[in-house]
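A.B. asks: Dumping the structure here so I can ask a few things about it.
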Amino acid sequence: MPAHQVSNILSANLTHVFSSTLTNETVASMARFLNPVVLSDPAAVDPAKVGLTGFQPLTPDRYTPQIPNLTSTYGSVPGYYGPSFGTSFYGGDFGKLSLDPSLADNLSKVAGKHSMKFGLYWDFAENLQPGGLGNWAQGMVDFANTGATTSGNPMADFLTGRVQSFQQVTALSVYDMKFSQYSFYAQDQWRIHRRLTLTYGLRVEHLGQWYPVSGPGLAVWDPASYNNTAQAGAWTGLLWHGIDNNIPISGFPSRRFFYDPRFGFAFDLLGNGKTVLRGGFGVYRYQISYNTASIGGIYDESANISSYNLVSPTNIGWNFAQYGLPGGGVPGLGGNMGAMLQGDSRSPYTESYNLILSQHAPWGSLVEIGYYGNRSRDQIVGSNSGGAAASLGNLNKTPLGAYSLPDPITGVVYDPSSGSLPFQDYRPHRNYQTMMLTTHDGYSNYNSLQASWNKRSGRSTFMLNYTFSKVLGIRDGLSDNGAGAGTAADPWNMKDNYGALAYDHTHIFNAGYVVTLPKPIHGQFLLGGLLNGWAVSGMTQLQRGAPIQPNSGGNMNLVTTGTLNNLTWLGTDSANILPALTCDPRSGLKSGQYFNPNCFALAPQGTNGPAVWPYIHGPNYFNSDLSIYKTFRFKEKHQIELRFSSFNFLNHPLPTFCAVGCSDLMLQFTAPVAGTANSNTLTTGTPLYTTGYRIVQVMAKYQF
C-alpha cells in the first residue's frame, strides 16, 4: 500500500520597529498535507480471487472488494488489517487532506518599568478523510473463547471457522470537518524593584468545535427521546441539527470565550543576582482532535450509516449474511451507537504551576531545585476506545451477574456458555449494542520535585537533572488526551480507575557532557595536528520502570480457557475478569523478580478483583552513549570531522517483558473455581528476555 505524501508550508513574517520602545510583528502561514494511500494490487485482497468464496458479510460491501480484517484476544490468532478503499476520496484511495492557515500579530511596548505585550491569534483547520480506519465496510472478524461454537482455543477456532463476532458498517462517510479558534492576550512584565519582577496576563480565547462542512450535523444523546420498545423508530434517542435546530452542527456547543489567567514572579533573595526564587501559574486550553469528533458513529448516524456487531453466530463458517441485519433493518436499531453529551460546552485545559530556586555555583554553573505540577481537567472520555463493551464511555453496559438471572423479557434462564444468550434483552437500552457517549469528564494530576546542575561554558560542559514525580489520573483506555493512560479496569465507576498512569516513571535521571581533551603534543606540527584537539561527549539515561498494570490490559493480559470467561463467571460482557489479590505482589521477591504471580487468583463468581493494584513497576531503563571527535581544518574553508561513537557502549542488557509476545506477562486461569491460581508457568514475575545491544559508528564529514 504505497503512499505519496505531499506537504507544503508557506509562511511570511513582517516586523516593524516604530521606535526604540514599540515593535510590531505579524506572522502568517499556510500548511497543506496530502497523504493518499494506494491499494496497488486490488486482486490480492479480493475474497473471490484469494479463495475466500464462503465469506458473506452482513450487508454487501459496496466499495473495493476486500477480505475482512482479523483480530483475536491477546493476539492468539495472526491478525490482518487493511483500511477500506473505494470511497470518493482521491479516486478511491485511503488517506487524508489537511489544511491549516494561521495568522498572528504581536505588539511589544516598553514603558518605564513595564514591558508589555498585546496580541491576537487565529487559525483554521480542515481535515478531509474517508471512513475505514476503525469503520470497516469489509468487516472485522474476531476470534475468542466466548463464541457459541468455540472450541476453547482461538487458533483452533480460526482454523475451523468458529467466529466469536463480526463487525461491519453499512457504508463509509468521507469526513470533511473544520475547526477554528481565535484569541487575544495582554501581558505585562513589571519590574517593581531591582530584586522583584512580576509577570501577569490574560488570554481570552474562543475554541470552536469541530463541525462537518455539509450534512445535518453531529449526533448528541437525548435520553428523553429514547424509546426502549420494539416499536422504536430509527436512531431513537439521537438528535442532530437536521432534526432539532437547537442542536449545533458541531454537536458540542461552543462557548463564546474562555478566560485563562497567567502569573509569574522572580525574586532576587540576596540582591546579588546569584540566588533567585521564581514561580508561576497558568491556565492552558486545547481543543479535542478531529479523530475524537468523528469517531464512533457521531458523524455517520445522521447520514443513516449503521454499525453492526454480530455476536456469537450459531453456525460455523464465514457466512454472516444468513443472520440478517439486527433490529429488523431499521437504521441504527440493533447496532452500535456513538454520540456526544448534549449541551457539553467544556474544553480540556491544564493548570500548570511551579516554584523554583536557582543558585549560581562554582565553575560558572547553575543549580536549580523546584516543584513542578499541573492538573488537567475536562479531558475526553468515551470516544476512541474501539467500541468495546467494557469501556467507561459505554452507556449500555450489562450489569454484573445479569446473564445468570432470568431473561428480563421472557423469564427464561439461559446457560451463558451455550452461545444462545439474547444479549439485547439484558441491556439497559435494548435497541442498541454498545453506546459510546463522548463527554469531558476525565482528569489527571502531576506532581514532581526536579533538580538540575548545568555548566554551559569552559573546556567542559555538562547537564545533570533528576526528577522524582508521580502522574495520576483516570485510566480511560484512550489516546485522545495524549499518551495512552492505560486500560479502564472498572467500566462502571470512573473514580475507581484513578491511579498511576501507564507512562509514569517515578525516578528519571539524565546526564550529558562534553569535555575538550588537553593538548599533550607541543612543537610537533604533524603529531600535534593528529592528537591534539579531540573532544569527548556522552549521555547517560536512567528511568524507573513504568507501572505494569495499566500497560497490560488492567489485568496482566489475563486469559481463560474452556468455558471460563466473563460471560460465565461475571455474568456480563461489559467487564473483563480482574484477578483477586491474595497477598501483596511486591513482597518477598527474588533478585530480578518484579511481582509474585502466586498473589493473583480467580475472584469469587460474580465479583471482580480490585481495579487498581499496588504499584508494580516494570524493569528499569538504562542507556549510556559515548563519542570522541575532532575537526581537522585545512586551507581556508575546508574541514573534515572524524567521529567515533558507541551507542549503549557498556552493552548493558535490558530485562524486558513482552519482548517476544507476552507469554511472560500473562495470567492464565483454567478452572472455573474461586481461588484458582495462575497456571501460566512462563509468567514468573521475571522477564524471559533481555533486549539492547551496542552499536559502533564511525563517521567522516567533509565540509567545503
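Going through the C-alpha cells in order, the chains are called A, B, and so on, while each chain numbers its residues from 1 and the ligands are numbered from 1 in the order shown.
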Using only C-alpha atoms, which residues sit within 7 Å of A:Tyr259 once same-chain residues fewer than 3 positions away are excluded, as a PyMOL selection string?
C.D. replies: chain A and resi 202-205
A.B. asks: How would the residues just chosen look if you wrote them out with N, CA, C and O atoms as a PDB file, in the first residue's frame?
C.D. replies:
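This went into again.pdb:
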ATOM      1  N   LEU A 202      -3.530  37.884  30.705  1.00  0.00           N
ATOM      2  CA  LEU A 202      -4.803  37.191  30.500  1.00  0.00           C
ATOM      3  C   LEU A 202      -4.933  36.848  29.021  1.00  0.00           C
ATOM      4  O   LEU A 202      -4.678  37.690  28.153  1.00  0.00           O
ATOM      5  N   ARG A 203      -5.329  35.621  28.752  1.00  0.00           N
ATOM      6  CA  ARG A 203      -5.618  35.185  27.392  1.00  0.00           C
ATOM      7  C   ARG A 203      -7.110  34.923  27.291  1.00  0.00           C
ATOM      8  O   ARG A 203      -7.671  34.153  28.074  1.00  0.00           O
ATOM      9  N   VAL A 204      -7.740  35.573  26.340  1.00  0.00           N
ATOM     10  CA  VAL A 204      -9.173  35.398  26.086  1.00  0.00           C
ATOM     11  C   VAL A 204      -9.293  34.668  24.755  1.00  0.00           C
ATOM     12  O   VAL A 204      -8.838  35.171  23.726  1.00  0.00           O
ATOM     13  N   GLU A 205      -9.868  33.461  24.786  1.00  0.00           N
ATOM     14  CA  GLU A 205      -9.860  32.666  23.557  1.00  0.00           C
ATOM     15  C   GLU A 205     -11.201  32.004  23.298  1.00  0.00           C
ATOM     16  O   GLU A 205     -11.925  31.619  24.214  1.00  0.00           O
TER      17      GLU A 205
END
A.B. asks: What lies within 10 Å of stretch 296-302 of chain A using only C-alpha atoms, ignoring chain neighbours under 4 positions off, as a PDB file with C-alpha atoms, in the first residue's frame?
C.D. replies:
ATOM      1  CA  GLY A 131     -14.023   6.324   6.874  1.00  0.00           C
ATOM      2  CA  GLY A 134     -11.875   1.759  12.570  1.00  0.00           C
ATOM      3  CA  ASN A 135     -15.016   1.540  10.422  1.00  0.00           C
ATOM      4  CA  VAL A 169     -20.668  -0.741   8.793  1.00  0.00           C
ATOM      5  CA  ALA A 171     -21.404   2.446   4.242  1.00  0.00           C
ATOM      6  CA  LEU A 172     -18.461   4.818   4.581  1.00  0.00           C
ATOM      7  CA  SER A 173     -18.507   8.570   5.010  1.00  0.00           C
ATOM      8  CA  VAL A 174     -15.843  10.881   3.689  1.00  0.00           C
ATOM      9  CA  TYR A 175     -15.416  13.090   6.727  1.00  0.00           C
ATOM     10  CA  ASP A 176     -14.915  16.749   5.848  1.00  0.00           C
ATOM     11  CA  MET A 177     -14.639  18.674   9.097  1.00  0.00           C
ATOM     12  CA  TYR A 211     -18.118  20.663  12.659  1.00  0.00           C
ATOM     13  CA  PRO A 212     -18.980  18.945   9.346  1.00  0.00           C
ATOM     14  CA  GLY A 215     -24.796  17.383   6.157  1.00  0.00           C
ATOM     15  CA  PRO A 216     -27.264  17.514   9.035  1.00  0.00           C
ATOM     16  CA  GLY A 217     -24.684  17.675  11.844  1.00  0.00           C
ATOM     17  CA  LEU A 218     -23.081  15.529  14.539  1.00  0.00           C
ATOM     18  CA  ALA A 219     -25.216  13.370  16.815  1.00  0.00           C
ATOM     19  CA  VAL A 220     -25.949  14.001  20.510  1.00  0.00           C
ATOM     20  CA  TRP A 221     -27.602  11.712  23.044  1.00  0.00           C
ATOM     21  CA  ALA A 234     -34.653   4.832  13.517  1.00  0.00           C
ATOM     22  CA  TRP A 235     -31.855   6.226  15.701  1.00  0.00           C
ATOM     23  CA  LEU A 238     -30.319  10.621  18.987  1.00  0.00           C
ATOM     24  CA  LEU A 239     -30.672  14.201  17.827  1.00  0.00           C
ATOM     25  CA  TRP A 240     -28.726  16.389  15.423  1.00  0.00           C
ATOM     26  CA  HIS A 241     -29.090  19.803  13.836  1.00  0.00           C
ATOM     27  CA  GLY A 242     -31.144  18.498  10.908  1.00  0.00           C
ATOM     28  CA  ILE A 243     -33.785  17.228  13.386  1.00  0.00           C
ATOM     29  CA  SER A 250     -20.914  20.537  15.847  1.00  0.00           C
ATOM     30  CA  GLY A 251     -22.880  18.509  18.394  1.00  0.00           C
ATOM     31  CA  ASN A 291     -10.474  11.824  15.447  1.00  0.00           C
ATOM     32  CA  THR A 292     -12.435  12.375  18.649  1.00  0.00           C
ATOM     33  CA  SER A 306     -25.331   1.842  10.763  1.00  0.00           C
ATOM     34  CA  SER A 307     -22.629  -0.131  12.566  1.00  0.00           C
ATOM     35  CA  PRO A 331     -31.434   2.145  10.657  1.00  0.00           C
ATOM     36  CA  GLY A 332     -29.415   2.125  13.848  1.00  0.00           C
ATOM     37  CA  ASN A 336     -23.604   0.228  17.785  1.00  0.00           C
ATOM     38  CA  MET A 337     -24.174   3.889  18.520  1.00  0.00           C
ATOM     39  CA  GLY A 338     -21.927   6.859  19.239  1.00  0.00           C
ATOM     40  CA  ALA A 339     -22.958  10.330  20.360  1.00  0.00           C
ATOM     41  CA  MET A 340     -21.833  13.452  22.173  1.00  0.00           C
ATOM     42  CA  GLY A 382     -15.633   7.639  25.833  1.00  0.00           C
ATOM     43  CA  SER A 383     -14.781   8.183  22.201  1.00  0.00           C
ATOM     44  CA  ASN A 384     -11.690   6.405  20.926  1.00  0.00           C
ATOM     45  CA  SER A 385     -11.985   3.086  22.740  1.00  0.00           C
ATOM     46  CA  GLY A 386     -12.729   0.791  19.826  1.00  0.00           C
ATOM     47  CA  GLY A 387     -16.435   0.393  20.557  1.00  0.00           C
ATOM     48  CA  THR A 434     -22.595  -0.566  22.560  1.00  0.00           C
ATOM     49  CA  MET A 435     -23.492   3.106  23.055  1.00  0.00           C
ATOM     50  CA  MET A 436     -20.344   5.229  23.178  1.00  0.00           C
ATOM     51  CA  LEU A 437     -21.005   8.611  24.796  1.00  0.00           C
ATOM     52  CA  THR A 438     -18.279  11.243  24.396  1.00  0.00           C
TER      53      THR A 438
END
A.B. asks: Could you list, as a tab-separated table (two decimals) with all heavy atoms, in the first residue's frame, every residue within 8 Å of stretch 675-678 of chain A, counting only C-alpha atoms and ignoring same-chain residues fewer than 5 positions away?
C.D. replies:
chain	number	residue	atom	x	y	z
A	597	PRO	N	3.63	-13.90	41.03
A	597	PRO	CA	2.41	-14.33	40.34
A	597	PRO	C	1.49	-15.17	41.21
A	597	PRO	O	0.31	-15.33	40.88
A	597	PRO	CB	2.96	-15.14	39.15
A	597	PRO	CG	4.29	-15.62	39.59
A	597	PRO	CD	4.84	-14.54	40.47
A	598	ASN	N	2.02	-15.72	42.33
A	598	ASN	CA	1.19	-16.53	43.22
A	598	ASN	C	0.20	-15.70	44.02
A	598	ASN	O	-0.66	-16.26	44.69
A	598	ASN	CB	2.07	-17.34	44.16
A	598	ASN	CG	2.96	-18.33	43.42
A	598	ASN	OD1	2.53	-18.94	42.44
A	598	ASN	ND2	4.20	-18.47	43.87
A	600	PHE	N	-1.98	-13.74	42.65
A	600	PHE	CA	-3.16	-13.49	41.82
A	600	PHE	C	-4.00	-14.76	41.75
A	600	PHE	O	-3.48	-15.85	41.51
A	600	PHE	CB	-2.74	-13.06	40.42
A	600	PHE	CG	-1.95	-11.79	40.38
A	600	PHE	CD1	-0.56	-11.82	40.41
A	600	PHE	CD2	-2.58	-10.56	40.35
A	600	PHE	CE1	0.18	-10.65	40.38
A	600	PHE	CE2	-1.85	-9.38	40.32
A	600	PHE	CZ	-0.46	-9.43	40.34
A	601	ALA	N	-5.31	-14.59	41.94
A	601	ALA	CA	-6.22	-15.74	41.91
A	601	ALA	C	-7.56	-15.31	41.36
A	601	ALA	O	-7.87	-14.11	41.28
A	601	ALA	CB	-6.38	-16.33	43.31
A	602	LEU	N	-8.37	-16.29	40.98
A	602	LEU	CA	-9.70	-16.02	40.45
A	602	LEU	C	-10.62	-15.61	41.60
A	602	LEU	O	-10.73	-16.31	42.61
A	602	LEU	CB	-10.25	-17.27	39.75
A	602	LEU	CG	-11.58	-17.13	39.01
A	602	LEU	CD1	-11.46	-16.12	37.88
A	602	LEU	CD2	-12.03	-18.49	38.47
A	603	ALA	N	-11.26	-14.45	41.45
A	603	ALA	CA	-12.17	-13.96	42.48
A	603	ALA	C	-13.45	-14.81	42.51
A	603	ALA	O	-13.73	-15.55	41.56
A	603	ALA	CB	-12.52	-12.50	42.21
A	604	PRO	N	-14.24	-14.74	43.59
A	604	PRO	CA	-15.50	-15.49	43.63
A	604	PRO	C	-16.40	-15.14	42.44
A	604	PRO	O	-16.37	-14.03	41.92
A	604	PRO	CB	-16.12	-15.05	44.96
A	604	PRO	CG	-14.96	-14.65	45.80
A	604	PRO	CD	-13.98	-14.03	44.86
A	667	LEU	N	-1.41	-13.71	32.87
A	667	LEU	CA	-2.03	-14.65	33.80
A	667	LEU	C	-2.98	-15.57	33.03
A	667	LEU	O	-3.61	-15.15	32.06
A	667	LEU	CB	-2.81	-13.89	34.88
A	667	LEU	CG	-2.00	-12.96	35.78
A	667	LEU	CD1	-2.93	-12.21	36.72
A	667	LEU	CD2	-0.96	-13.73	36.58
A	668	GLN	N	-3.08	-16.79	33.50
A	668	GLN	CA	-3.99	-17.75	32.86
A	668	GLN	C	-4.75	-18.51	33.95
A	668	GLN	O	-4.15	-19.09	34.85
A	668	GLN	CB	-3.23	-18.73	31.99
A	668	GLN	CG	-4.13	-19.71	31.23
A	668	GLN	CD	-3.35	-20.65	30.35
A	668	GLN	OE1	-2.44	-21.35	30.81
A	668	GLN	NE2	-3.68	-20.67	29.07
A	669	PHE	N	-6.08	-18.46	33.81
A	669	PHE	CA	-6.94	-19.23	34.71
A	669	PHE	C	-7.67	-20.28	33.88
A	669	PHE	O	-8.23	-19.98	32.82
A	669	PHE	CB	-7.96	-18.33	35.40
A	669	PHE	CG	-7.35	-17.32	36.36
A	669	PHE	CD1	-7.96	-16.11	36.59
A	669	PHE	CD2	-6.16	-17.60	37.01
A	669	PHE	CE1	-7.41	-15.18	37.47
A	669	PHE	CE2	-5.59	-16.68	37.88
A	669	PHE	CZ	-6.21	-15.47	38.11
A	670	THR	N	-7.65	-21.53	34.36
A	670	THR	CA	-8.24	-22.63	33.60
A	670	THR	C	-9.49	-23.21	34.25
A	670	THR	O	-10.44	-23.56	33.55
A	670	THR	CB	-7.21	-23.75	33.40
A	670	THR	OG1	-6.72	-24.17	34.69
A	670	THR	CG2	-6.04	-23.26	32.57
A.B. asks: Quick one: of A:Ile295, A:Ser72, A:Leu269, A:Leu22, who's nearest to A:Val110, counting only C-alpha atoms?
C.D. replies: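 Selected residue with least distance to A:Val110: A:Leu22.
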A.B. asks: Could you give me, as a count of residues only, the residues within 10 Å of A:Leu567, counting only C-alpha atoms and dropping anything in the same chain fewer than 6 positions from it?
C.D. replies: 17
A.B. asks: Would you work out the distance separating atom CA of A:Val381 from atom CA of A:Pro223, expressed in Å to one decimal?
C.D. replies: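 Atom CA of A:Val381 sits 18.4 Å away from atom CA of A:Pro223.
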A.B. asks: Would you list the contacts of A:Val536 as a list in words, taking every protein, DNA or RNA residue within 6 Å and counting only C-alpha atoms, but skipping same-chain residues closer than 4 positions in sequence?
C.D. replies: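 These residues fall inside the cut-off: Val514, Val515, Ser627 and Ile628 of chain A.
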